[in-house]
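Data block below; observations after.
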Amino acid sequence: MNDSAASRNGDSVRFHPASSPDYVPLPQLRDLQSRRLKEVVTRAYENVPFYRRKMDELGIAPGGIHSIDDVVKLPFTVKTDLRDEYPFGLFATPMDRVVRLHASSGTTGKPIVAAYTQHDLNVWKEVMVRSLAAADLHEGDIIQNSYGYGLFTGGLGAHYGAEALGATVIPTSGGNTDRQIMVLKDFGVTAICCTPSYFLHILDRAAELGIDLRDLPLRAGVFGAEPWTEAMRTRIEEAAGIKAYDIYGLTEIIGPGVGCECFGQDGLHIFEDHFYPEIIDPETGQPVPEGEEGELVLTTLSKQAMPMLRYRTRDITRFLPGPSPSGRTIRRIRRISHRSDDMFIVRGVNVFPSQIEEALLRVEGTLPHYQIVLTRHKGLDQVDVQVEVTPEVFSDRVSALEDLQKRLAKTIEQTVNIRVGVSLVEPHSIARSEGKAKRVVDRREM
Ligand code: ADP
């Protein structure tokens, strides 16, 4: 880091591969995790009546935790626990040590509140530096941060991490897409952070304005906060001429920066010196055999204000085997293809929106904008997949449109094993999102 960057970021966290926990030998990592687990369990037990009660019920005391392997003795924590303890019931520090509060959008019921001490904010900043460094960003990059600033963790999380990395941050937040494009173009932006669906919207609008993002210095996108697929990555990378990296996080654990891809773009590294991952069978709560798919469970190993013991994320993934292309020793998970509560059941078949996305985008002539509408007709569930098609396709002969429609229906049917209706719609007819996209509209109860 040069002097000017150092003075611009007085509290810079800097990224040094040689000293980063991303590369520590495994026995050392396990020791660190074991030590931190004992500390966090003690903190939770002594300060949070909820954890004390749950641990007492299982007959486990902090003294029974000797190493990281003992994590499985701890009780799970679930989303409704956070709602039941709303707003401050899970805090492990007095309020005067809490320097920041965030909350998740809480689409149903009360939001989830998250608290941070100064130490927690430093950890968050550190894992965001490690995320952005994994995505091959560094000092000198000009990062446009189009995650929403506010109660949502995306904006401020990425902001402080990017600053501490030594990059130049432009805090555009979400929305005002024409201005986003002006900034992208005029400020020499080299990387953007936002949801993948918002980036698609930016891409579309830029095309309307006659701006080809491939002509700009933009070289990377750090996209997260919602599920997206490899097919979507391919579309984005081709259209924008960038590398698109996946970043993962959740409010309950810290916000963005729980895990991120490295340049190998083959799974997300979990910063497991701070967030210990397990993968369990959602039905039995037991760990799945190594490498099998299941629900991701995370334990915060260093959080002070709001420790989370074995938090069930409902996000479905699996551990990836073998060494990472970047030499990082911390484990990788496959991209989160869906959350268990995203699933909808149609005529007895479990379907995830990501399966439909993957199938749709494999067919030429489609645009990456779609919505799945569920209805019930005479007691029978119907699925209508509405997908935008390119203007060329749309102005094609009726027979060509029908042909595309049939091909899409067949591809989806082969993937998810149910018959679906497909509606080809004009470009721009599906509502755009500045944050997380709404992929499924369920009208079955209406
Ligand atoms: P809310 O619960 O209101 O949506 P959060 O921002 O805390 O607010 O959401 C976290 C959730 O977002 C995660 O549990 C996960 O389901 C989803 N998510 C975050 N990042 C990704 C990602 N890269 N891929 C897939 N899903 C993601």
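If you're wondering about the labels, chains in the structure tokens are A, B, ... by order shown, residues count from 1 in each chain, ligands from 1 in order shown.
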
Taking 5 positions as the minimum chain separation for residues in the same chain, which residues sit within 9 Å of segment 266-278 of chain A when counting only C-alpha atoms? Answer as a CSV table (one decimal) with N, CA and C atoms, in the first residue's frame.
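Output file part-v2.csv follows:
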```
chain,number,residue,atom,x,y,z
A,21,PRO,N,-5.7,-15.2,7.7
A,21,PRO,CA,-6.2,-16.5,8.1
A,21,PRO,C,-6.7,-17.4,7.0
A,22,ASP,N,-6.9,-16.8,5.8
A,22,ASP,CA,-7.4,-17.5,4.7
A,22,ASP,C,-6.5,-18.7,4.3
A,29,LEU,N,-5.8,-23.5,12.3
A,29,LEU,CA,-7.1,-23.0,12.2
A,29,LEU,C,-8.1,-23.7,13.2
A,30,ARG,N,-7.9,-25.0,13.3
A,30,ARG,CA,-8.8,-25.7,14.3
A,30,ARG,C,-8.5,-25.3,15.7
A,32,LEU,N,-7.5,-22.3,16.7
A,32,LEU,CA,-8.1,-21.0,16.8
A,32,LEU,C,-9.6,-21.1,17.0
A,33,GLN,N,-10.2,-22.0,16.2
A,33,GLN,CA,-11.7,-22.1,16.2
A,33,GLN,C,-12.1,-22.7,17.6
A,36,ARG,N,-11.8,-20.0,20.2
A,36,ARG,CA,-12.9,-19.0,20.1
A,36,ARG,C,-14.3,-19.6,20.4
A,37,LEU,N,-14.5,-20.9,20.1
A,37,LEU,CA,-15.8,-21.5,20.4
A,37,LEU,C,-16.0,-21.5,21.9
A,68,ILE,N,-13.5,-27.5,18.8
A,68,ILE,CA,-14.5,-27.1,17.8
A,68,ILE,C,-15.4,-28.3,17.5
A,72,VAL,N,-21.2,-29.6,17.9
A,72,VAL,CA,-22.5,-30.4,17.7
A,72,VAL,C,-23.3,-30.6,18.9
A,123,VAL,N,-14.4,-6.8,12.9
A,123,VAL,CA,-14.4,-8.1,12.3
A,123,VAL,C,-15.1,-8.1,10.9
A,127,VAL,N,-13.6,-9.2,7.3
A,127,VAL,CA,-14.0,-10.2,6.4
A,127,VAL,C,-14.5,-9.7,5.1
A,130,ARG,N,-11.3,-9.3,3.2
A,130,ARG,CA,-10.9,-10.6,2.7
A,130,ARG,C,-11.8,-11.1,1.5
A,131,SER,N,-13.1,-10.7,1.6
A,131,SER,CA,-14.0,-11.1,0.5
A,131,SER,C,-13.6,-10.3,-0.8
A,134,ALA,N,-10.4,-11.6,-2.2
A,134,ALA,CA,-10.6,-12.9,-2.8
A,134,ALA,C,-11.1,-12.7,-4.3
A,246,ASP,N,-19.4,-14.2,-6.6
A,246,ASP,CA,-20.6,-14.4,-5.7
A,246,ASP,C,-20.1,-14.2,-4.3
A,247,ILE,N,-20.9,-13.4,-3.5
A,247,ILE,CA,-20.6,-13.1,-2.1
A,247,ILE,C,-21.8,-13.4,-1.3
A,248,TYR,N,-21.6,-14.0,-0.1
A,248,TYR,CA,-22.7,-14.5,0.7
A,248,TYR,C,-22.7,-13.9,2.1
A,253,ILE,N,-25.8,-13.3,11.0
A,253,ILE,CA,-24.4,-13.7,11.3
A,253,ILE,C,-23.5,-12.4,11.4
A,257,GLY,N,-20.2,-10.9,3.6
A,257,GLY,CA,-18.8,-11.2,4.0
A,257,GLY,C,-18.7,-12.4,4.9
A,258,VAL,N,-19.7,-13.3,4.9
A,258,VAL,CA,-19.6,-14.6,5.5
A,258,VAL,C,-18.7,-15.5,4.6
A,259,GLY,N,-18.9,-15.3,3.3
A,259,GLY,CA,-18.1,-16.1,2.4
A,259,GLY,C,-18.1,-15.4,1.1
A,260,CYS,N,-17.1,-15.7,0.3
A,260,CYS,CA,-16.9,-15.1,-1.1
A,260,CYS,C,-16.1,-16.0,-2.0
A,261,GLU,N,-16.3,-15.8,-3.3
A,261,GLU,CA,-15.5,-16.6,-4.2
A,261,GLU,C,-14.2,-16.0,-4.4
A,287,PRO,N,-25.5,-33.9,11.1
A,287,PRO,CA,-24.6,-33.5,10.0
A,287,PRO,C,-24.7,-34.5,8.8
A,288,VAL,N,-24.6,-34.0,7.6
A,288,VAL,CA,-24.7,-34.9,6.4
A,288,VAL,C,-23.3,-35.4,6.2
A,295,GLU,N,-28.5,-28.2,4.8
A,295,GLU,CA,-28.7,-26.8,5.3
A,295,GLU,C,-27.4,-26.3,6.0
A,296,LEU,N,-27.1,-25.1,5.6
A,296,LEU,CA,-25.9,-24.5,6.2
A,296,LEU,C,-26.2,-24.0,7.6
A,297,VAL,N,-25.4,-24.4,8.6
A,297,VAL,CA,-25.6,-23.9,9.9
A,297,VAL,C,-24.3,-23.1,10.3
A,298,LEU,N,-24.4,-22.0,10.9
A,298,LEU,CA,-23.3,-21.2,11.2
A,298,LEU,C,-23.2,-20.8,12.7
A,299,THR,N,-22.0,-20.8,13.2
A,299,THR,CA,-21.8,-20.4,14.6
A,299,THR,C,-20.8,-19.2,14.5
A,300,THR,N,-21.1,-18.1,15.1
A,300,THR,CA,-20.2,-17.0,15.1
A,300,THR,C,-19.1,-17.2,16.2
A,301,LEU,N,-17.9,-17.2,15.8
A,301,LEU,CA,-16.8,-17.5,16.8
A,301,LEU,C,-16.3,-16.3,17.5
A,302,SER,N,-16.5,-15.1,17.0
A,302,SER,CA,-15.9,-14.0,17.6
A,302,SER,C,-16.9,-12.8,17.9
A,303,LYS,N,-18.1,-13.0,17.5
A,303,LYS,CA,-19.1,-11.9,17.7
A,303,LYS,C,-19.3,-11.6,19.2
A,310,ARG,N,-25.0,-22.0,16.4
A,310,ARG,CA,-25.6,-23.0,15.4
A,310,ARG,C,-26.8,-22.4,14.8
A,319,PHE,N,-20.3,-28.7,1.1
A,319,PHE,CA,-18.9,-28.4,1.1
A,319,PHE,C,-18.3,-28.9,-0.2
A,320,LEU,N,-17.3,-28.1,-0.8
A,320,LEU,CA,-16.6,-28.6,-2.0
A,320,LEU,C,-15.3,-29.2,-1.6
A,324,SER,N,-8.4,-25.2,-3.0
A,324,SER,CA,-8.9,-24.1,-3.8
A,324,SER,C,-7.9,-23.7,-4.8
A,325,PRO,N,-8.3,-23.2,-5.9
A,325,PRO,CA,-7.4,-22.8,-6.9
A,325,PRO,C,-6.5,-21.6,-6.4
A,328,ARG,N,-6.2,-21.0,-0.8
A,328,ARG,CA,-6.8,-20.7,0.5
A,328,ARG,C,-7.1,-22.0,1.2
A,329,THR,N,-6.9,-22.1,2.5
A,329,THR,CA,-7.1,-23.3,3.2
A,329,THR,C,-8.5,-23.4,3.8
A,330,ILE,N,-9.2,-22.2,4.0
A,330,ILE,CA,-10.5,-22.2,4.6
A,330,ILE,C,-11.5,-22.9,3.6
A,331,ARG,N,-12.5,-23.6,4.2
A,331,ARG,CA,-13.3,-24.4,3.3
A,331,ARG,C,-14.2,-23.6,2.3
A,332,ARG,N,-14.6,-24.3,1.3
A,332,ARG,CA,-15.5,-23.7,0.3
A,332,ARG,C,-16.9,-24.4,0.3
A,333,ILE,N,-17.9,-23.6,0.1
A,333,ILE,CA,-19.2,-24.2,-0.2
A,333,ILE,C,-19.7,-23.9,-1.6
A,334,ARG,N,-20.5,-24.8,-2.1
A,334,ARG,CA,-21.0,-24.5,-3.5
A,334,ARG,C,-22.0,-23.3,-3.3
A,335,ARG,N,-22.1,-22.5,-4.4
A,335,ARG,CA,-23.0,-21.4,-4.4
A,335,ARG,C,-24.4,-21.8,-3.8
```

Which residues come within 8 Å of segment 137-146 of chain A, counting only C-alpha atoms, excluding same-chain residues fewer than 4 positions away, as an MDAnalysis selection string? chainID A and resid 1 5 132:133 155 158:159 162 165:175 180 184 188:194

Resulting file, chosen residues, C-alpha atoms, as an mmCIF file, in the first residue's frame:
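Writing done, so here's result06.cif:
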```cif
data_model
loop_
_atom_site.group_PDB
_atom_site.id
_atom_site.type_symbol
_atom_site.label_atom_id
_atom_site.label_comp_id
_atom_site.auth_asym_id
_atom_site.auth_seq_id
_atom_site.Cartn_x
_atom_site.Cartn_y
_atom_site.Cartn_z
ATOM 1 C CA MET A 1 0.000 0.000 0.000
ATOM 2 C CA ALA A 5 -3.706 5.181 0.429
ATOM 3 C CA LEU A 132 -13.032 -8.256 -1.897
ATOM 4 C CA ALA A 133 -9.405 -9.377 -1.976
ATOM 5 C CA GLY A 155 -24.522 -1.043 1.851
ATOM 6 C CA ALA A 158 -19.433 -3.422 1.581
ATOM 7 C CA HIS A 159 -18.637 0.254 2.106
ATOM 8 C CA ALA A 162 -13.906 -1.533 0.380
ATOM 9 C CA LEU A 165 -9.053 -2.463 1.391
ATOM 10 C CA GLY A 166 -7.654 0.850 0.205
ATOM 11 C CA ALA A 167 -9.978 1.112 -2.768
ATOM 12 C CA THR A 168 -11.897 4.248 -3.691
ATOM 13 C CA VAL A 169 -15.547 3.823 -2.742
ATOM 14 C CA ILE A 170 -18.454 5.534 -4.444
ATOM 15 C CA PRO A 171 -21.500 5.140 -2.173
ATOM 16 C CA THR A 172 -24.247 5.333 -4.794
ATOM 17 C CA SER A 173 -26.573 3.008 -2.837
ATOM 18 C CA GLY A 174 -29.399 1.408 -4.823
ATOM 19 C CA GLY A 175 -31.763 3.166 -7.192
ATOM 20 C CA GLN A 180 -25.594 4.833 -11.500
ATOM 21 C CA LEU A 184 -20.010 3.959 -13.880
ATOM 22 C CA GLY A 188 -13.708 5.139 -14.188
ATOM 23 C CA VAL A 189 -15.369 2.529 -11.987
ATOM 24 C CA THR A 190 -13.514 -0.807 -12.058
ATOM 25 C CA ALA A 191 -15.823 -2.850 -9.821
ATOM 26 C CA ILE A 192 -19.434 -2.770 -8.715
ATOM 27 C CA CYS A 193 -21.179 -4.310 -5.711
ATOM 28 C CA CYS A 194 -24.946 -4.953 -5.840
#
```

Write out as an mmCIF file with N, CA, C and O atoms, in the first residue's frame all residues of segment 155-340 of chain A that DSSP puts in strand (DSSP E or B) for this structure's backbone.
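So states_4.cif came out as:
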```
data_model
loop_
_atom_site.group_PDB
_atom_site.id
_atom_site.type_symbol
_atom_site.label_atom_id
_atom_site.label_comp_id
_atom_site.auth_asym_id
_atom_site.auth_seq_id
_atom_site.Cartn_x
_atom_site.Cartn_y
_atom_site.Cartn_z
ATOM 1 N N THR A 168 -11.088 3.035 -3.727
ATOM 2 C CA THR A 168 -11.897 4.248 -3.691
ATOM 3 C C THR A 168 -13.357 3.809 -3.747
ATOM 4 O O THR A 168 -13.737 3.059 -4.636
ATOM 5 N N VAL A 169 -14.152 4.279 -2.793
ATOM 6 C CA VAL A 169 -15.547 3.823 -2.742
ATOM 7 C C VAL A 169 -16.487 4.937 -3.191
ATOM 8 O O VAL A 169 -16.363 6.073 -2.746
ATOM 9 N N ILE A 170 -17.416 4.574 -4.049
ATOM 10 C CA ILE A 170 -18.454 5.534 -4.444
ATOM 11 C C ILE A 170 -19.783 5.005 -3.896
ATOM 12 O O ILE A 170 -20.317 4.009 -4.381
ATOM 13 N N ALA A 191 -15.064 -1.738 -10.407
ATOM 14 C CA ALA A 191 -15.823 -2.850 -9.821
ATOM 15 C C ALA A 191 -17.125 -2.321 -9.236
ATOM 16 O O ALA A 191 -17.189 -1.177 -8.782
ATOM 17 N N ILE A 192 -18.133 -3.174 -9.265
ATOM 18 C CA ILE A 192 -19.434 -2.770 -8.715
ATOM 19 C C ILE A 192 -19.919 -3.837 -7.738
ATOM 20 O O ILE A 192 -19.672 -5.033 -7.938
ATOM 21 N N CYS A 193 -20.571 -3.388 -6.671
ATOM 22 C CA CYS A 193 -21.179 -4.310 -5.711
ATOM 23 C C CYS A 193 -22.686 -4.053 -5.698
ATOM 24 O O CYS A 193 -23.114 -2.913 -5.482
ATOM 25 N N CYS A 194 -23.485 -5.079 -5.928
ATOM 26 C CA CYS A 194 -24.946 -4.953 -5.840
ATOM 27 C C CYS A 194 -25.559 -6.347 -5.964
ATOM 28 O O CYS A 194 -24.828 -7.331 -6.071
ATOM 29 N N ALA A 220 -15.033 -6.065 -12.763
ATOM 30 C CA ALA A 220 -15.528 -7.076 -11.825
ATOM 31 C C ALA A 220 -16.825 -6.623 -11.176
ATOM 32 O O ALA A 220 -17.080 -5.424 -11.015
ATOM 33 N N GLY A 221 -17.626 -7.616 -10.810
ATOM 34 C CA GLY A 221 -18.829 -7.352 -10.027
ATOM 35 C C GLY A 221 -18.815 -8.292 -8.838
ATOM 36 O O GLY A 221 -18.421 -9.453 -8.977
ATOM 37 N N VAL A 222 -19.211 -7.783 -7.670
ATOM 38 C CA VAL A 222 -19.307 -8.629 -6.481
ATOM 39 C C VAL A 222 -20.784 -8.675 -6.117
ATOM 40 O O VAL A 222 -21.343 -7.709 -5.605
ATOM 41 N N PHE A 223 -21.409 -9.794 -6.471
ATOM 42 C CA PHE A 223 -22.865 -9.871 -6.453
ATOM 43 C C PHE A 223 -23.345 -10.862 -5.404
ATOM 44 O O PHE A 223 -22.834 -11.980 -5.320
ATOM 45 N N GLY A 224 -24.353 -10.459 -4.636
ATOM 46 C CA GLY A 224 -24.879 -11.371 -3.626
ATOM 47 C C GLY A 224 -26.202 -10.888 -3.090
ATOM 48 O O GLY A 224 -26.888 -10.086 -3.721
ATOM 49 N N LYS A 243 -15.754 -10.032 -14.728
ATOM 50 C CA LYS A 243 -15.849 -11.268 -13.948
ATOM 51 C C LYS A 243 -16.876 -11.033 -12.846
ATOM 52 O O LYS A 243 -16.826 -10.006 -12.157
ATOM 53 N N ALA A 244 -17.800 -11.958 -12.703
ATOM 54 C CA ALA A 244 -18.880 -11.798 -11.718
ATOM 55 C C ALA A 244 -18.638 -12.766 -10.560
ATOM 56 O O ALA A 244 -18.623 -13.980 -10.757
ATOM 57 N N TYR A 245 -18.411 -12.216 -9.375
ATOM 58 C CA TYR A 245 -18.113 -13.029 -8.189
ATOM 59 C C TYR A 245 -19.336 -13.104 -7.282
ATOM 60 O O TYR A 245 -20.092 -12.138 -7.170
ATOM 61 N N ASP A 246 -19.434 -14.216 -6.603
ATOM 62 C CA ASP A 246 -20.552 -14.444 -5.692
ATOM 63 C C ASP A 246 -20.105 -14.162 -4.260
ATOM 64 O O ASP A 246 -19.065 -14.667 -3.825
ATOM 65 N N ILE A 247 -20.886 -13.372 -3.548
ATOM 66 C CA ILE A 247 -20.581 -13.092 -2.138
ATOM 67 C C ILE A 247 -21.821 -13.443 -1.320
ATOM 68 O O ILE A 247 -22.942 -13.234 -1.775
ATOM 69 N N TYR A 248 -21.593 -13.976 -0.128
ATOM 70 C CA TYR A 248 -22.714 -14.479 0.673
ATOM 71 C C TYR A 248 -22.669 -13.908 2.082
ATOM 72 O O TYR A 248 -21.593 -13.694 2.646
ATOM 73 N N GLY A 249 -23.833 -13.670 2.619
ATOM 74 C CA GLY A 249 -23.891 -13.258 4.018
ATOM 75 C C GLY A 249 -25.327 -13.135 4.465
ATOM 76 O O GLY A 249 -26.255 -13.238 3.664
ATOM 77 N N LEU A 250 -25.500 -12.954 5.752
ATOM 78 C CA LEU A 250 -26.849 -12.759 6.282
ATOM 79 C C LEU A 250 -26.778 -11.925 7.559
ATOM 80 O O LEU A 250 -25.788 -11.984 8.294
ATOM 81 N N GLY A 255 -23.828 -9.951 8.174
ATOM 82 C CA GLY A 255 -24.127 -9.186 6.954
ATOM 83 C C GLY A 255 -23.295 -9.799 5.841
ATOM 84 O O GLY A 255 -22.864 -10.953 5.954
ATOM 85 N N PRO A 256 -23.037 -9.054 4.768
ATOM 86 C CA PRO A 256 -22.222 -9.623 3.694
ATOM 87 C C PRO A 256 -20.811 -9.903 4.200
ATOM 88 O O PRO A 256 -20.344 -9.234 5.121
ATOM 89 N N GLY A 257 -20.151 -10.909 3.598
ATOM 90 C CA GLY A 257 -18.781 -11.191 4.016
ATOM 91 C C GLY A 257 -18.662 -12.445 4.859
ATOM 92 O O GLY A 257 -17.644 -12.687 5.474
ATOM 93 N N VAL A 258 -19.706 -13.261 4.879
ATOM 94 C CA VAL A 258 -19.585 -14.564 5.547
ATOM 95 C C VAL A 258 -18.741 -15.482 4.650
ATOM 96 O O VAL A 258 -17.933 -16.277 5.117
ATOM 97 N N GLY A 259 -18.922 -15.306 3.342
ATOM 98 C CA GLY A 259 -18.126 -16.083 2.391
ATOM 99 C C GLY A 259 -18.073 -15.382 1.055
ATOM 100 O O GLY A 259 -18.944 -14.556 0.747
ATOM 101 N N CYS A 260 -17.068 -15.700 0.266
ATOM 102 C CA CYS A 260 -16.944 -15.061 -1.055
ATOM 103 C C CYS A 260 -16.106 -15.960 -1.959
ATOM 104 O O CYS A 260 -15.266 -16.729 -1.486
ATOM 105 N N GLU A 261 -16.336 -15.826 -3.253
ATOM 106 C CA GLU A 261 -15.541 -16.584 -4.212
ATOM 107 C C GLU A 261 -14.160 -15.955 -4.394
ATOM 108 O O GLU A 261 -14.000 -14.744 -4.259
ATOM 109 N N LEU A 268 -17.711 -20.711 -2.677
ATOM 110 C CA LEU A 268 -17.431 -19.547 -1.830
ATOM 111 C C LEU A 268 -16.611 -19.981 -0.617
ATOM 112 O O LEU A 268 -16.978 -20.944 0.067
ATOM 113 N N HIS A 269 -15.534 -19.284 -0.376
ATOM 114 C CA HIS A 269 -14.748 -19.536 0.834
ATOM 115 C C HIS A 269 -15.505 -18.966 2.024
ATOM 116 O O HIS A 269 -15.923 -17.811 2.004
ATOM 117 N N ILE A 270 -15.658 -19.784 3.053
ATOM 118 C CA ILE A 270 -16.304 -19.295 4.276
ATOM 119 C C ILE A 270 -15.194 -18.840 5.224
ATOM 120 O O ILE A 270 -14.227 -19.578 5.444
ATOM 121 N N PHE A 275 -16.737 -17.588 11.356
ATOM 122 C CA PHE A 275 -18.082 -18.166 11.187
ATOM 123 C C PHE A 275 -17.910 -19.653 10.912
ATOM 124 O O PHE A 275 -17.503 -20.036 9.820
ATOM 125 N N TYR A 276 -18.213 -20.464 11.909
ATOM 126 C CA TYR A 276 -17.948 -21.893 11.753
ATOM 127 C C TYR A 276 -19.115 -22.574 11.028
ATOM 128 O O TYR A 276 -20.255 -22.538 11.496
ATOM 129 N N PRO A 277 -18.837 -23.203 9.877
ATOM 130 C CA PRO A 277 -19.926 -23.799 9.097
ATOM 131 C C PRO A 277 -20.115 -25.289 9.375
ATOM 132 O O PRO A 277 -19.158 -26.029 9.552
ATOM 133 N N GLU A 278 -21.364 -25.695 9.417
ATOM 134 C CA GLU A 278 -21.712 -27.122 9.402
ATOM 135 C C GLU A 278 -22.792 -27.285 8.349
ATOM 136 O O GLU A 278 -23.507 -26.323 8.041
ATOM 137 N N ILE A 279 -22.938 -28.486 7.839
ATOM 138 C CA ILE A 279 -24.046 -28.749 6.917
ATOM 139 C C ILE A 279 -24.838 -29.926 7.462
ATOM 140 O O ILE A 279 -24.275 -30.996 7.726
ATOM 141 N N ILE A 280 -26.124 -29.684 7.686
ATOM 142 C CA ILE A 280 -26.944 -30.710 8.336
ATOM 143 C C ILE A 280 -28.100 -31.132 7.429
ATOM 144 O O ILE A 280 -28.476 -30.410 6.496
ATOM 145 N N PRO A 287 -25.483 -33.929 11.055
ATOM 146 C CA PRO A 287 -24.556 -33.544 9.982
ATOM 147 C C PRO A 287 -24.697 -34.507 8.801
ATOM 148 O O PRO A 287 -24.858 -35.716 9.015
ATOM 149 N N GLY A 294 -27.047 -30.078 2.057
ATOM 150 C CA GLY A 294 -27.880 -29.913 3.237
ATOM 151 C C GLY A 294 -27.996 -28.446 3.595
ATOM 152 O O GLY A 294 -27.659 -27.572 2.799
ATOM 153 N N GLU A 295 -28.492 -28.224 4.827
ATOM 154 C CA GLU A 295 -28.705 -26.844 5.269
ATOM 155 C C GLU A 295 -27.439 -26.325 5.962
ATOM 156 O O GLU A 295 -26.858 -26.996 6.814
ATOM 157 N N LEU A 296 -27.062 -25.132 5.613
ATOM 158 C CA LEU A 296 -25.883 -24.514 6.213
ATOM 159 C C LEU A 296 -26.231 -23.992 7.609
ATOM 160 O O LEU A 296 -27.233 -23.300 7.792
ATOM 161 N N VAL A 297 -25.392 -24.369 8.564
ATOM 162 C CA VAL A 297 -25.552 -23.912 9.948
ATOM 163 C C VAL A 297 -24.292 -23.144 10.313
ATOM 164 O O VAL A 297 -23.181 -23.605 10.018
ATOM 165 N N LEU A 298 -24.444 -21.975 10.895
ATOM 166 C CA LEU A 298 -23.268 -21.153 11.193
ATOM 167 C C LEU A 298 -23.216 -20.776 12.668
ATOM 168 O O LEU A 298 -24.235 -20.431 13.271
ATOM 169 N N THR A 299 -22.015 -20.845 13.230
ATOM 170 C CA THR A 299 -21.781 -20.378 14.595
ATOM 171 C C THR A 299 -20.782 -19.231 14.528
ATOM 172 O O THR A 299 -19.716 -19.380 13.919
ATOM 173 N N THR A 300 -21.138 -18.105 15.116
ATOM 174 C CA THR A 300 -20.187 -16.983 15.109
ATOM 175 C C THR A 300 -19.150 -17.244 16.200
ATOM 176 O O THR A 300 -19.504 -17.497 17.348
ATOM 177 N N TYR A 311 -26.674 -21.334 14.112
ATOM 178 C CA TYR A 311 -27.829 -20.705 13.469
ATOM 179 C C TYR A 311 -28.193 -21.453 12.182
ATOM 180 O O TYR A 311 -27.363 -21.623 11.286
ATOM 181 N N ARG A 312 -29.428 -21.878 12.105
ATOM 182 C CA ARG A 312 -29.898 -22.596 10.915
ATOM 183 C C ARG A 312 -30.290 -21.583 9.854
ATOM 184 O O ARG A 312 -31.308 -20.908 9.969
ATOM 185 N N THR A 313 -29.477 -21.500 8.801
ATOM 186 C CA THR A 313 -29.678 -20.429 7.805
ATOM 187 C C THR A 313 -30.835 -20.711 6.850
ATOM 188 O O THR A 313 -31.306 -19.798 6.189
ATOM 189 N N ARG A 314 -31.207 -21.971 6.725
ATOM 190 C CA ARG A 314 -32.175 -22.428 5.716
ATOM 191 C C ARG A 314 -31.604 -22.361 4.292
ATOM 192 O O ARG A 314 -32.302 -22.591 3.316
ATOM 193 N N ASP A 315 -30.336 -22.003 4.178
ATOM 194 C CA ASP A 315 -29.694 -21.959 2.864
ATOM 195 C C ASP A 315 -29.093 -23.326 2.555
ATOM 196 O O ASP A 315 -28.463 -23.944 3.407
ATOM 197 N N ILE A 316 -29.331 -23.785 1.343
ATOM 198 C CA ILE A 316 -28.949 -25.150 0.966
ATOM 199 C C ILE A 316 -27.661 -25.130 0.136
ATOM 200 O O ILE A 316 -27.554 -24.403 -0.855
ATOM 201 N N THR A 317 -26.710 -25.939 0.553
ATOM 202 C CA THR A 317 -25.417 -25.986 -0.146
ATOM 203 C C THR A 317 -24.685 -27.262 0.234
ATOM 204 O O THR A 317 -25.255 -28.142 0.878
ATOM 205 N N PHE A 319 -20.320 -28.728 1.070
ATOM 206 C CA PHE A 319 -18.892 -28.417 1.073
ATOM 207 C C PHE A 319 -18.282 -28.911 -0.230
ATOM 208 O O PHE A 319 -18.656 -29.977 -0.730
ATOM 209 N N LEU A 320 -17.341 -28.147 -0.768
ATOM 210 C CA LEU A 320 -16.638 -28.590 -1.967
ATOM 211 C C LEU A 320 -15.323 -29.248 -1.554
ATOM 212 O O LEU A 320 -14.632 -28.752 -0.663
ATOM 213 N N ARG A 332 -14.618 -24.302 1.288
ATOM 214 C CA ARG A 332 -15.514 -23.685 0.303
ATOM 215 C C ARG A 332 -16.866 -24.387 0.312
ATOM 216 O O ARG A 332 -16.933 -25.603 0.509
ATOM 217 N N ILE A 333 -17.913 -23.607 0.068
ATOM 218 C CA ILE A 333 -19.227 -24.206 -0.160
ATOM 219 C C ILE A 333 -19.651 -23.900 -1.599
ATOM 220 O O ILE A 333 -19.204 -22.900 -2.184
ATOM 221 N N HIS A 338 -30.444 -22.202 -3.407
ATOM 222 C CA HIS A 338 -31.772 -21.850 -2.941
ATOM 223 C C HIS A 338 -31.827 -21.887 -1.433
ATOM 224 O O HIS A 338 -30.935 -22.404 -0.779
ATOM 225 N N ARG A 339 -32.891 -21.314 -0.875
ATOM 226 C CA ARG A 339 -33.113 -21.513 0.546
ATOM 227 C C ARG A 339 -34.298 -22.438 0.701
ATOM 228 O O ARG A 339 -35.168 -22.487 -0.161
#
```

Using only C-alpha atoms, determine which residues lie at most 8 Å from Val48 of chain A, disregarding the query and same-chain residues fewer than 4 positions distant; provide the list as a PyMOL selection string. chain A and resi 43-44+52+89-92

Could you tell me, as a PyMOL selection string, which residues of segment 186-230 of chain A DSSP assigns to alpha helix (DSSP H) when given the backbone? chain A and resi 186+196-208+230

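Shortest atom-to-atom contact with Glu357 of chain A among A:Pro62, A:Pro391, A:Pro227, A:Gly421: A:Pro227, counting only C-alpha atoms.
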
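The nearest approach to Pro307 of chain A among the residues A:Asn122, A:Asn47, A:Gln371, A:Gln405, with only C-alpha atoms taken into account, belongs to A:Asn47.
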
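Across the model, the gap from atom CA of His377 of chain A to atom CA of Ile418 of chain A is 15.8 Å.
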
Selection near Thr366 of chain A, 9 Å with only C-alpha atoms, sequence-local residues under 5 positions removed, as a ChimeraX atom specification: /A:360-361,387-390,393,424

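Minimum atom-to-atom distances from A:Arg318, A:Lys406, A:Arg444, A:Arg347 to Glu292 of chain A were compared using only C-alpha atoms, and the lowest value belongs to A:Arg318.
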